[in-house]
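**Student:** Got structure_35.cif for you, mmCIF, C-alpha atoms:
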```cif
data_protein
#
loop_
_atom_site.label_atom_id
_atom_site.label_comp_id
_atom_site.auth_asym_id
_atom_site.auth_seq_id
_atom_site.Cartn_x
_atom_site.Cartn_y
_atom_site.Cartn_z
CA MET W 74 0.00 0.00 0.00
CA ILE W 75 1.15 3.49 -0.82
CA ALA W 76 -0.14 6.35 1.27
CA LEU W 77 0.52 10.07 1.38
CA ILE W 78 -0.69 13.08 3.32
CA GLY W 79 -2.23 15.82 1.23
CA LYS W 80 -4.45 18.81 1.39
CA LYS W 81 -7.88 19.29 -0.11
CA VAL W 82 -7.90 22.21 -2.51
CA GLY W 83 -11.49 22.07 -3.72
CA MET W 84 -13.70 20.70 -6.43
CA THR W 85 -14.09 21.43 -10.11
CA GLN W 86 -14.89 19.59 -13.32
CA VAL W 87 -12.65 18.16 -16.02
CA PHE W 88 -13.26 16.61 -19.40
CA ASP W 89 -11.88 13.11 -19.88
CA ASP W 90 -10.51 11.74 -23.15
CA THR W 91 -13.94 10.82 -24.43
CA GLY W 92 -15.30 14.29 -23.77
CA VAL W 93 -17.30 13.43 -20.66
CA LEU W 94 -17.37 16.17 -18.05
CA MET W 95 -16.81 14.74 -14.62
CA PRO W 96 -16.67 16.11 -11.08
CA VAL W 97 -13.24 15.99 -9.48
CA THR W 98 -11.67 16.89 -6.16
CA VAL W 99 -8.24 18.49 -6.38
CA LEU W 100 -5.73 17.40 -3.75
CA LYS W 101 -2.37 19.06 -3.27
CA PHE W 102 0.67 17.21 -2.01
CA GLU W 103 3.72 18.88 -0.62
CA ALA W 104 6.83 16.84 -0.03
CA ASN W 105 6.03 13.97 2.33
CA VAL W 106 9.19 13.31 4.30
CA VAL W 107 9.92 9.97 5.86
CA VAL W 108 10.65 10.86 9.48
CA GLY W 109 10.67 7.40 10.97
CA ARG W 110 10.15 3.71 10.50
CA LYS W 111 8.47 1.14 12.69
CA THR W 112 9.83 -2.31 12.26
CA LEU W 113 8.33 -5.67 12.95
CA ASP W 114 11.10 -6.69 15.35
CA LYS W 115 10.87 -3.65 17.54
CA PHE W 116 7.24 -2.54 17.34
CA GLY W 117 5.41 -5.65 16.19
CA TYR W 118 4.28 -4.10 12.91
CA ASP W 119 5.73 -2.47 9.85
CA ALA W 120 5.07 1.19 9.22
CA VAL W 121 6.53 4.31 7.75
CA VAL W 122 6.07 7.62 9.54
CA LEU W 123 5.46 10.50 7.18
CA GLY W 124 5.62 14.16 8.06
CA VAL W 125 4.36 17.08 6.04
CA PHE W 126 4.18 20.89 6.21
CA ASP W 127 7.24 22.61 7.66
CA ILE W 128 7.01 24.16 11.06
CA LYS W 129 9.53 26.40 12.79
CA LYS W 130 11.52 24.62 15.41
CA ALA W 131 10.91 27.48 17.83
CA ARG W 132 7.19 26.83 17.59
CA THR W 133 7.45 23.22 18.66
CA THR W 134 7.75 21.76 22.12
CA LYS W 135 10.89 19.82 22.90
CA PRO W 136 9.11 16.49 23.17
CA TYR W 137 7.49 17.09 19.78
CA ALA W 138 10.68 18.17 18.06
CA GLY W 139 12.48 15.26 19.68
CA GLN W 140 10.55 12.78 17.57
CA PHE W 141 12.34 13.92 14.45
CA PRO W 142 15.79 12.74 13.50
CA GLU W 143 18.48 15.35 13.79
CA ASN W 144 18.84 16.18 10.14
CA ILE W 145 15.09 16.52 9.54
CA ALA W 146 13.20 19.69 10.37
CA PRO W 147 9.96 19.26 12.35
CA ARG W 148 6.74 18.87 10.41
CA LYS W 149 3.29 19.98 11.40
CA ILE W 150 1.47 16.76 10.63
CA MET W 151 2.73 13.23 11.12
CA HIS W 152 1.09 10.01 10.16
CA GLU W 153 2.00 6.35 10.38
CA MET W 154 1.37 4.42 7.20
CA ARG W 155 1.30 0.70 7.83
CA ASP W 156 2.73 -1.80 5.37
CA PHE W 157 4.12 0.83 3.02
CA GLY W 158 4.40 -0.75 -0.40
CA LYS W 159 7.64 0.96 -1.31
CA ASP W 160 11.06 0.65 0.15
CA VAL W 161 11.93 4.05 1.61
CA GLN W 162 14.64 5.38 3.88
CA ILE W 163 14.41 7.98 6.60
CA GLY W 164 14.85 11.38 5.04
CA ASP W 165 13.33 10.46 1.70
CA SER W 166 10.97 12.98 0.21
CA LEU W 167 7.90 11.46 -1.41
CA GLY W 168 5.69 13.14 -3.96
CA VAL W 169 2.43 12.54 -5.72
CA ASP W 170 4.13 10.68 -8.58
CA LEU W 171 3.98 7.60 -6.34
CA PHE W 172 0.36 7.34 -7.43
CA ARG W 173 1.27 7.33 -11.10
CA ASP W 174 0.21 3.72 -11.65
CA THR W 175 -2.66 3.76 -9.18
CA ARG W 176 -6.18 3.65 -10.53
CA PHE W 177 -8.23 3.71 -7.36
CA VAL W 178 -7.59 5.24 -3.95
CA ASP W 179 -9.18 5.44 -0.52
CA VAL W 180 -9.32 8.89 1.04
CA SER W 181 -9.60 9.59 4.77
CA ALA W 182 -10.24 12.95 6.39
CA THR W 183 -12.16 14.60 9.18
CA SER W 184 -15.63 15.40 7.93
CA LYS W 185 -17.24 18.82 8.20
CA GLY W 186 -18.85 19.40 11.59
CA LYS W 187 -22.64 19.60 11.38
CA GLY W 188 -23.35 20.57 15.01
CA PHE W 189 -26.17 19.12 17.09
CA GLN W 190 -28.52 17.39 14.69
CA GLY W 191 -31.82 15.54 15.00
CA VAL W 192 -32.40 11.94 14.08
CA LEU W 193 -33.69 12.65 10.59
CA LYS W 194 -30.44 14.18 9.44
CA ARG W 195 -28.13 12.22 11.69
CA TRP W 196 -29.53 8.72 11.31
CA HIS W 197 -31.88 9.04 8.33
CA PHE W 198 -35.04 8.31 10.31
CA GLY W 199 -38.20 8.64 8.27
CA GLY W 200 -40.10 11.00 10.56
CA GLY W 201 -43.84 11.33 10.77
CA ARG W 202 -46.28 12.95 8.39
CA SER W 203 -46.64 16.71 8.49
CA THR W 204 -50.39 17.06 8.06
CA HIS W 205 -53.71 15.27 8.53
CA GLY W 206 -53.71 15.76 12.29
CA SER W 207 -50.33 14.17 12.82
CA LYS W 208 -48.59 15.28 15.97
CA PHE W 209 -45.46 13.30 15.24
CA HIS W 210 -43.07 15.13 12.97
CA ARG W 211 -39.32 14.88 13.53
CA GLU W 212 -39.12 13.12 16.90
CA PRO W 213 -36.99 10.03 17.52
CA GLY W 214 -40.02 8.07 18.82
CA SER W 215 -39.63 5.19 21.22
CA THR W 216 -36.19 4.44 22.56
CA GLY W 217 -36.87 1.13 24.27
CA GLN W 218 -39.26 -1.17 26.10
CA SER W 219 -41.14 -0.97 29.42
CA THR W 220 -40.62 -2.15 33.03
CA TYR W 221 -38.23 -4.71 31.76
CA PRO W 222 -35.45 -3.74 30.90
CA HIS W 223 -36.44 -0.39 32.42
CA LYS W 224 -33.65 1.47 30.71
CA THR W 225 -32.65 2.69 27.32
CA PHE W 226 -29.95 0.52 25.86
CA LYS W 227 -26.66 1.99 24.84
CA ASN W 228 -26.08 2.86 21.19
CA VAL W 229 -29.71 3.75 20.54
CA LYS W 230 -29.80 6.30 17.74
CA LEU W 231 -30.63 9.69 19.19
CA PRO W 232 -29.96 13.34 18.35
CA GLY W 233 -26.48 14.65 19.01
CA ARG W 234 -23.28 15.99 17.56
CA MET W 235 -22.81 15.07 13.94
CA GLY W 236 -19.78 15.28 11.67
CA GLY W 237 -16.25 16.21 12.64
CA GLU W 238 -15.19 12.57 12.70
CA LYS W 239 -12.83 10.52 10.61
CA VAL W 240 -14.46 9.36 7.39
CA THR W 241 -12.94 7.15 4.72
CA ILE W 242 -14.31 6.99 1.21
CA GLN W 243 -13.18 3.92 -0.69
CA ASN W 244 -12.49 3.22 -4.34
CA LEU W 245 -12.30 6.74 -5.70
CA LYS W 246 -10.97 6.85 -9.23
CA VAL W 247 -7.76 8.69 -9.96
CA ILE W 248 -8.33 10.98 -12.91
CA ARG W 249 -5.00 12.74 -13.20
CA VAL W 250 -1.62 12.81 -11.48
CA ASP W 251 0.13 16.12 -11.96
CA ALA W 252 3.59 15.58 -10.51
CA ASP W 253 4.89 19.01 -11.56
CA ASN W 254 2.39 20.84 -9.40
CA GLY W 255 1.94 18.07 -6.85
CA LEU W 256 -1.73 17.68 -7.69
CA LEU W 257 -3.97 14.64 -7.67
CA LEU W 258 -7.39 14.78 -9.28
CA ILE W 259 -9.86 12.30 -7.90
CA ARG W 260 -13.31 11.62 -9.22
CA GLY W 261 -16.11 12.62 -6.85
CA ALA W 262 -16.19 14.16 -3.42
CA VAL W 263 -13.81 13.74 -0.52
CA PRO W 264 -14.68 14.30 3.16
CA GLY W 265 -13.77 17.53 4.91
CA PRO W 266 -13.68 21.24 4.22
CA ARG W 267 -11.26 22.95 1.85
CA ASP W 268 -7.66 23.09 3.06
CA CYS W 269 -8.16 20.11 5.34
CA THR W 270 -5.56 17.39 5.66
CA VAL W 271 -6.40 14.17 3.86
CA VAL W 272 -4.70 10.80 3.82
CA VAL W 273 -4.76 9.09 0.45
CA ARG W 274 -4.03 5.40 0.15
CA THR W 275 -4.13 2.97 -2.72
CA ALA W 276 -7.50 1.25 -2.61
CA VAL W 277 -7.66 -1.69 -0.25
CA LYS W 278 -10.57 -3.39 -1.96
CA ARG W 279 -9.42 -3.02 -5.55
CA SER W 280 -6.35 -4.52 -7.07
CA LYS W 281 -4.42 -1.73 -8.78
CA MET J 5 -8.90 28.72 -5.35
CA ASN J 6 -6.13 29.70 -7.68
CA LEU J 7 -5.22 26.12 -8.41
CA ILE J 8 -8.80 25.32 -9.30
CA LYS J 9 -8.92 28.27 -11.67
CA LYS J 10 -5.70 27.11 -13.28
CA ILE J 11 -7.11 23.67 -13.93
CA GLU J 12 -10.25 25.18 -15.38
CA ALA J 13 -8.38 27.69 -17.50
CA ALA J 14 -6.33 24.92 -19.09
CA GLN J 15 -9.50 23.35 -20.43
CA ILE J 16 -11.22 26.41 -21.80
CA ARG J 17 -11.34 26.30 -25.58
CA GLN J 18 -11.63 29.14 -27.98
CA VAL J 19 -15.06 29.10 -29.56
CA PRO J 20 -16.44 31.62 -32.01
CA ASP J 21 -18.49 34.35 -30.43
CA PHE J 22 -21.97 33.20 -31.35
CA LYS J 23 -25.09 34.19 -29.51
CA VAL J 24 -28.59 32.97 -28.85
CA GLY J 25 -30.59 33.31 -32.06
CA ASP J 26 -27.72 32.42 -34.33
CA THR J 27 -27.83 29.45 -36.62
CA VAL J 28 -24.74 27.34 -36.21
CA LYS J 29 -23.16 24.22 -37.59
CA VAL J 30 -21.54 22.10 -34.89
CA HIS J 31 -18.88 19.67 -36.08
CA PHE J 32 -19.06 17.02 -33.41
CA LYS J 33 -16.70 14.08 -33.14
CA ILE J 34 -18.43 10.74 -32.83
CA VAL J 35 -16.45 7.74 -31.65
CA GLU J 36 -17.71 4.40 -32.92
CA GLY J 37 -15.57 1.66 -31.51
CA LYS J 38 -12.16 2.56 -32.80
CA THR J 39 -13.05 4.82 -35.65
CA GLU J 40 -13.82 8.44 -35.24
CA ARG J 41 -15.89 10.56 -37.55
CA ILE J 42 -17.34 14.02 -37.54
CA GLN J 43 -21.04 14.59 -37.51
CA ILE J 44 -22.45 17.96 -38.41
CA TYR J 45 -25.41 19.21 -36.46
CA GLU J 46 -26.99 22.38 -37.73
CA GLY J 47 -29.66 24.39 -36.01
CA LEU J 48 -30.72 27.41 -34.04
CA VAL J 49 -29.06 28.26 -30.74
CA ILE J 50 -31.99 28.67 -28.37
CA ALA J 51 -30.22 28.83 -25.01
CA MET J 52 -26.85 29.17 -23.35
CA LYS J 53 -25.98 28.29 -19.81
CA ASN J 54 -22.89 29.84 -18.32
CA ALA J 55 -21.69 27.50 -15.61
CA GLY J 56 -17.97 28.03 -15.63
CA ILE J 57 -16.12 25.23 -17.30
CA GLY J 58 -19.39 23.39 -17.89
CA ARG J 59 -20.91 26.10 -20.11
CA THR J 60 -23.40 24.67 -22.54
CA PHE J 61 -25.47 25.77 -25.49
CA MET J 62 -28.64 24.22 -26.83
CA VAL J 63 -29.19 23.79 -30.55
CA ARG J 64 -32.64 23.12 -31.94
CA LYS J 65 -33.41 21.82 -35.37
CA LEU J 66 -36.26 20.17 -37.19
CA SER J 67 -35.45 16.68 -38.26
CA TYR J 68 -38.08 15.20 -40.58
CA GLY J 69 -40.68 17.42 -38.96
CA VAL J 70 -39.68 16.50 -35.44
CA GLY J 71 -38.03 19.07 -33.23
CA VAL J 72 -34.67 17.91 -31.91
CA GLU J 73 -32.77 19.78 -29.23
CA ARG J 74 -29.23 18.96 -28.34
CA VAL J 75 -27.07 20.39 -25.58
CA PHE J 76 -23.36 20.76 -26.25
CA PRO J 77 -20.74 21.60 -23.64
CA MET J 78 -18.97 24.66 -24.97
CA ASN J 79 -15.52 23.41 -23.88
CA SER J 80 -15.99 19.80 -24.93
CA PRO J 81 -12.95 18.35 -26.66
CA ARG J 82 -15.36 16.52 -28.92
CA ILE J 83 -16.41 19.71 -30.64
CA ASP J 84 -14.18 19.98 -33.67
CA ARG J 85 -15.38 23.39 -34.69
CA ILE J 86 -18.43 25.59 -34.78
CA GLU J 87 -19.52 27.51 -37.85
CA ILE J 88 -21.84 30.45 -37.68
CA ILE J 89 -24.24 30.24 -40.58
CA ARG J 90 -26.54 33.14 -39.81
CA GLN J 91 -26.85 35.71 -37.08
CA GLY J 92 -30.28 36.26 -35.65
CA ARG J 93 -31.90 39.33 -34.17
CA VAL J 94 -33.49 38.33 -30.90
CA ARG J 95 -34.62 40.19 -27.80
CA ARG J 96 -34.41 37.49 -25.19
CA ALA J 97 -31.80 35.18 -23.79
CA LYS J 98 -33.75 31.93 -24.05
CA LEU J 99 -35.81 31.13 -27.11
CA TYR J 100 -37.87 28.35 -25.58
CA TYR J 101 -41.03 29.95 -26.98
CA ILE J 102 -39.99 28.76 -30.41
CA ARG J 103 -40.92 25.20 -29.48
CA THR J 104 -44.59 26.05 -29.69
CA LYS J 105 -44.35 28.04 -32.92
CA ILE J 106 -44.59 26.67 -36.41
CA GLY J 107 -44.16 28.11 -39.87
CA LYS J 108 -43.30 31.76 -40.21
CA LYS J 109 -43.65 32.44 -36.48
CA SER J 110 -40.83 30.06 -35.74
CA LYS J 111 -38.45 32.12 -37.82
CA ILE J 112 -35.83 34.39 -36.35
CA ARG J 113 -35.11 37.67 -38.13
CA GLU J 114 -31.62 37.97 -39.45
CA LEU J 115 -29.31 40.47 -37.89
CA LEU J 116 -28.07 42.74 -40.61
CA GLY J 117 -24.94 44.78 -40.25
CA GLY J 118 -25.02 44.78 -36.48
CA ARG J 119 -22.32 42.54 -35.20
CA LYS J 120 -19.40 42.38 -37.53
CA ALA J 121 -18.84 39.28 -39.55
CA ARG J 122 -17.20 36.82 -37.25
CA THR J 123 -14.92 33.92 -37.70
CA THR J 124 -16.27 30.45 -37.73
CA THR J 125 -13.56 28.14 -36.58
CA VAL J 126 -12.33 27.33 -33.13
CA THR J 127 -8.69 27.96 -33.84
CA PRO J 128 -7.46 30.39 -31.20
CA ALA J 129 -5.96 32.88 -33.60
CA ALA J 130 -9.08 33.19 -35.69
CA ALA J 131 -11.43 33.39 -32.74
CA ALA J 132 -9.55 36.35 -31.39
CA VAL J 133 -10.93 38.54 -34.19
CA THR J 134 -14.33 38.83 -32.57
CA THR J 135 -16.09 42.10 -31.99
CA GLY J 136 -18.80 43.64 -29.84
CA LYS J 137 -22.50 42.93 -29.97
CA ALA J 138 -25.32 44.59 -31.85
#
```
If you took the structure in this file and wrote it as structure tokens, what would it be?
**Tutor:**
Amino acid sequence: MIALIGKKVGMTQVFDDTGVLMPVTVLKFEANVVVGRKTLDKFGYDAVVLGVFDIKKARTTKPYAGQFPENIAPRKIMHEMRDFGKDVQIGDSLGVDLFRDTRFVDVSATSKGKGFQGVLKRWHFGGGRSTHGSKFHREPGSTGQSTYPHKTFKNVKLPGRMGGEKVTIQNLKVIRVDADNGLLLIRGAVPGPRDCTVVVRTAVKRSK
Amino acid sequence: MNLIKKIEAAQIRQVPDFKVGDTVKVHFKIVEGKTERIQIYEGLVIAMKNAGIGRTFMVRKLSYGVGVERVFPMNSPRIDRIEIIRQGRVRRAKLYYIRTKIGKKSKIRELLGGRKARTTTVTPAAAAVTTGKA
């Protein structure tokens, strides 16, 4: 698996070779630097630690800066990528051209926060009818039984905070890899607001 | 947003400056299996939608007595070129009313001497010679 940390730029449309206009999300990748490696012997699993976006050393705490090898400047965002499909060394700088032969990717990001939402929006409840004397409109309805069990079970779907959580969208098609500008064009939408950090991996459920 | 604009700008094609009410010939590439040919679709431009890179125009023609309307993306790479056959004098932006008209009422008056004669191909150099409106 190949994985990189990028940034969501926004959405637009592009024509493909056959003249079909399709919606794309533009992702920008700055140099992903390998800042560490986790090995099977020492940690029990294989992983590559990538860091991205430079940060001034003066702005970091000592414990944070201490994670980086001496010759590597601290980075704002770090991410472990397990079972990295490419042999890389600490200090290597990775770019979007790693995805050159990739056709499908999975994209993870923190979704847009929606605030406190009712059950219709949050859990897709059907709701009641609006008219004809109905007094049941957007309520959650019953949340359990009676004397026994005499409590509402955990994990019952109720109103509450929605969004702002990690979301992964699988099998998004790669439309274009622009290595010169560090851009990746992916068909369809990607979670999160503009300028948010996204993690792009080669698709787990599709071969190549 | 600059990056987005750059991507969009790279796809914008030079098209002749035609307007609603004009009669145009659209040379449209058709791909059949492996072969590619050009089909010409001629008719009246009855509407344009300006949605950034996805700008479209709608061309209406009568085919064996049946009205046919086709929407073309202005920036589609499948448009080989667009020829302006006749410029029309119209007073509205969408000519949907023409669908219900037949005979003489469905005609559009020709624009005479208003807009200057314009180029007909999509080559960038030629399309640059466009002028103002009527």
**Student:** With 8 Å as the limit and counting only C-alpha atoms, what residues in chain W lie close to chain J? Please list them as a ChimeraX atom specification.
**Tutor:** /W:82-88,90-94,99
**Student:** I'd like the interatomic distance between CA of Phe198 in chain W and CA of Leu231 in chain W, to a tenth of an Å.
**Tutor:**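 Rounded to one decimal, the two atoms are 10.0 Å apart.
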**Student:** Neighbouring residues of Val70 in chain J were defined as those with any atom within 12 Å, considering only C-alpha atoms; residues of the same chain fewer than 5 positions away were excluded. Please report them as a list in words.
**Tutor:**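 Near Val70 in chain J, the qualifying residues are Arg64, Lys65, Arg103 and Ile106 of chain J.
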**Student:** Mind giving me the straight-line distance from CA of Val63 in chain J to CA of Arg41 in chain J in Å, one decimal?
**Tutor:**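 The value is 20.0 Å.
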**Student:** Evaluate the PyMOL selection byres ((chain J and resi 53) around 10) against this structure - the residues, as a list in words, please.
**Tutor:**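 Output of the PyMOL selection byres ((chain J and resi 53) around 10): Ala51, Met52, Asn54, Ala55, Gly56, Gly58, Arg59, Thr60, Phe61, Met62, Val75, Pro77, Met78, Ala97 and Lys98 of chain J.
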**Student:** For range 150-163 of chain W, list every protein, DNA or RNA residue within 7 Å, evaluated using only C-alpha atoms, and leave out those in the same chain fewer than 4 positions away; present the list as a PyMOL selection string.
**Tutor:** chain W and resi 74-76+107-109+119-126
**Student:** I need the residues from that last selection saved to file as a short mmCIF file (atom, residue, chain, number, x, y, z; two decimals), keeping the file's coordinate frame (with C-alpha atoms), if you can.
**Tutor:**
```cif
data_model
loop_
_atom_site.label_atom_id
_atom_site.label_comp_id
_atom_site.auth_asym_id
_atom_site.auth_seq_id
_atom_site.Cartn_x
_atom_site.Cartn_y
_atom_site.Cartn_z
CA MET W 74 0.00 0.00 0.00
CA ILE W 75 1.15 3.49 -0.82
CA ALA W 76 -0.14 6.35 1.27
CA VAL W 107 9.92 9.97 5.86
CA VAL W 108 10.65 10.86 9.48
CA GLY W 109 10.67 7.40 10.97
CA ASP W 119 5.73 -2.47 9.85
CA ALA W 120 5.07 1.19 9.22
CA VAL W 121 6.53 4.31 7.75
CA VAL W 122 6.07 7.62 9.54
CA LEU W 123 5.46 10.50 7.18
CA GLY W 124 5.62 14.16 8.06
CA VAL W 125 4.36 17.08 6.04
CA PHE W 126 4.18 20.89 6.21
#
```
**Student:** Counting only C-alpha atoms, what is within 10 Å of Asp174 in chain W, bar same-chain residues fewer than 4 positions away, as a list in words?
**Tutor:**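 The contact residues come out as Asp170, Val247, Val250, Thr275 and Lys281 of chain W.
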**Student:** Excluding Arg260 in chain W and its own-chain neighbours fewer than 6 positions away, which residues fall within 8 Å of it when counting all atoms listed in the file? Please give them as a count of residues only.
**Tutor:** 8
**Student:** Find the residues near Gly47 in chain J: any atom within 12 Å, counting only C-alpha atoms, skip ones fewer than 4 places away on the same chain, and give them as an NGL selection string.
**Tutor:** :J and (24-31 or 51 or 61-67 or 71-75 or 86-92 or 111-112)
**Student:** Quick check, in Å to one decimal: how far apart do CA of Ile42 in chain J and CA of Gly69 in chain J lie?
**Tutor:**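 Separation between CA of Ile42 in chain J and CA of Gly69 in chain J: 23.6 Å.
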**Student:** Can you spell out as a short mmCIF file (atom, residue, chain, number, x, y, z; two decimals) with C-alpha atoms, in the coordinates of the input the set of residues that the PyMOL selection byres ((chain W and resi 105) around 9) selects in the structure I just provided?
**Tutor:**
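Saved file result.cif follows:
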```
data_model
loop_
_atom_site.label_atom_id
_atom_site.label_comp_id
_atom_site.auth_asym_id
_atom_site.auth_seq_id
_atom_site.Cartn_x
_atom_site.Cartn_y
_atom_site.Cartn_z
CA LEU W 77 0.52 10.07 1.38
CA ILE W 78 -0.69 13.08 3.32
CA GLY W 79 -2.23 15.82 1.23
CA PHE W 102 0.67 17.21 -2.01
CA GLU W 103 3.72 18.88 -0.62
CA ALA W 104 6.83 16.84 -0.03
CA VAL W 106 9.19 13.31 4.30
CA VAL W 107 9.92 9.97 5.86
CA LEU W 123 5.46 10.50 7.18
CA GLY W 124 5.62 14.16 8.06
CA VAL W 125 4.36 17.08 6.04
CA PHE W 126 4.18 20.89 6.21
CA ASP W 165 13.33 10.46 1.70
CA SER W 166 10.97 12.98 0.21
CA LEU W 167 7.90 11.46 -1.41
CA GLY W 168 5.69 13.14 -3.96
CA VAL W 169 2.43 12.54 -5.72
#
```
**Student:** Using 4 Å of padding on each side, determine the axis-aligned box around all atoms of range 46-52 of chain J present in the file and give its centre and edge lengths in Å to one decimal, as lines of an AutoDock Vina configuration file.
**Tutor:**
```
center_x = -29.4
center_y = 25.8
center_z = -30.5
size_x = 13.1
size_y = 14.8
size_z = 22.4
```
**Student:** Considering all atoms listed in the file, state which residue in the set W:Leu113, W:Ala182, W:Ile128, W:Leu100 is at the smallest distance from Gly265 in chain W.
**Tutor:**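 Going through W:Leu113, W:Ala182, W:Ile128, W:Leu100 one by one, the smallest distance to Gly265 in chain W is for W:Ala182.
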**Student:** Taking the block above, write range 211-225 of chain W with N, CA, C and O atoms as a compact mmCIF listing (two decimals), in the first residue's frame.
**Tutor:**
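As written to disk, result02.txt reads:
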```txt
# COMPACT_ATOMS: atom_id res chain seq x y z
N ARG W 211 -40.75 15.19 13.69
CA ARG W 211 -39.32 14.88 13.53
C ARG W 211 -38.74 14.22 14.80
O ARG W 211 -37.54 14.19 14.98
N GLU W 212 -39.58 13.71 15.64
CA GLU W 212 -39.12 13.12 16.90
C GLU W 212 -38.42 11.78 16.67
O GLU W 212 -38.65 11.12 15.66
N PRO W 213 -37.61 11.35 17.65
CA PRO W 213 -36.99 10.03 17.52
C PRO W 213 -37.97 8.90 17.76
O PRO W 213 -37.76 7.79 17.32
N GLY W 214 -39.07 9.15 18.51
CA GLY W 214 -40.02 8.07 18.82
C GLY W 214 -39.55 7.27 20.01
O GLY W 214 -38.79 7.77 20.86
N SER W 215 -39.95 6.03 20.07
CA SER W 215 -39.63 5.19 21.22
C SER W 215 -38.15 4.85 21.25
O SER W 215 -37.52 4.65 20.22
N THR W 216 -37.59 4.80 22.46
CA THR W 216 -36.19 4.44 22.56
C THR W 216 -35.98 3.14 23.32
O THR W 216 -34.87 2.80 23.69
N GLY W 217 -37.07 2.41 23.59
CA GLY W 217 -36.87 1.13 24.27
C GLY W 217 -38.19 0.53 24.72
O GLY W 217 -39.25 0.90 24.23
N GLN W 218 -38.08 -0.43 25.67
CA GLN W 218 -39.26 -1.17 26.10
C GLN W 218 -39.81 -0.61 27.41
O GLN W 218 -39.63 0.56 27.69
N SER W 219 -40.42 -1.45 28.25
CA SER W 219 -41.14 -0.97 29.42
C SER W 219 -40.40 -1.36 30.71
O SER W 219 -39.18 -1.28 30.77
N THR W 220 -41.17 -1.83 31.71
CA THR W 220 -40.62 -2.15 33.03
C THR W 220 -39.36 -3.01 32.94
O THR W 220 -38.40 -2.82 33.67
N TYR W 221 -39.46 -3.97 32.06
CA TYR W 221 -38.23 -4.71 31.76
C TYR W 221 -37.81 -4.32 30.35
O TYR W 221 -38.65 -4.37 29.47
N PRO W 222 -36.67 -3.85 30.08
CA PRO W 222 -35.45 -3.74 30.90
C PRO W 222 -35.37 -2.46 31.73
O PRO W 222 -34.41 -2.29 32.46
N HIS W 223 -36.40 -1.58 31.59
CA HIS W 223 -36.44 -0.39 32.42
C HIS W 223 -35.27 0.57 32.20
O HIS W 223 -34.83 1.29 33.09
N LYS W 224 -34.71 0.51 31.04
CA LYS W 224 -33.65 1.47 30.71
C LYS W 224 -33.55 1.54 29.19
O LYS W 224 -34.07 0.67 28.49
N THR W 225 -32.93 2.59 28.75
CA THR W 225 -32.65 2.69 27.32
C THR W 225 -31.27 2.09 27.09
O THR W 225 -30.31 2.44 27.77
```
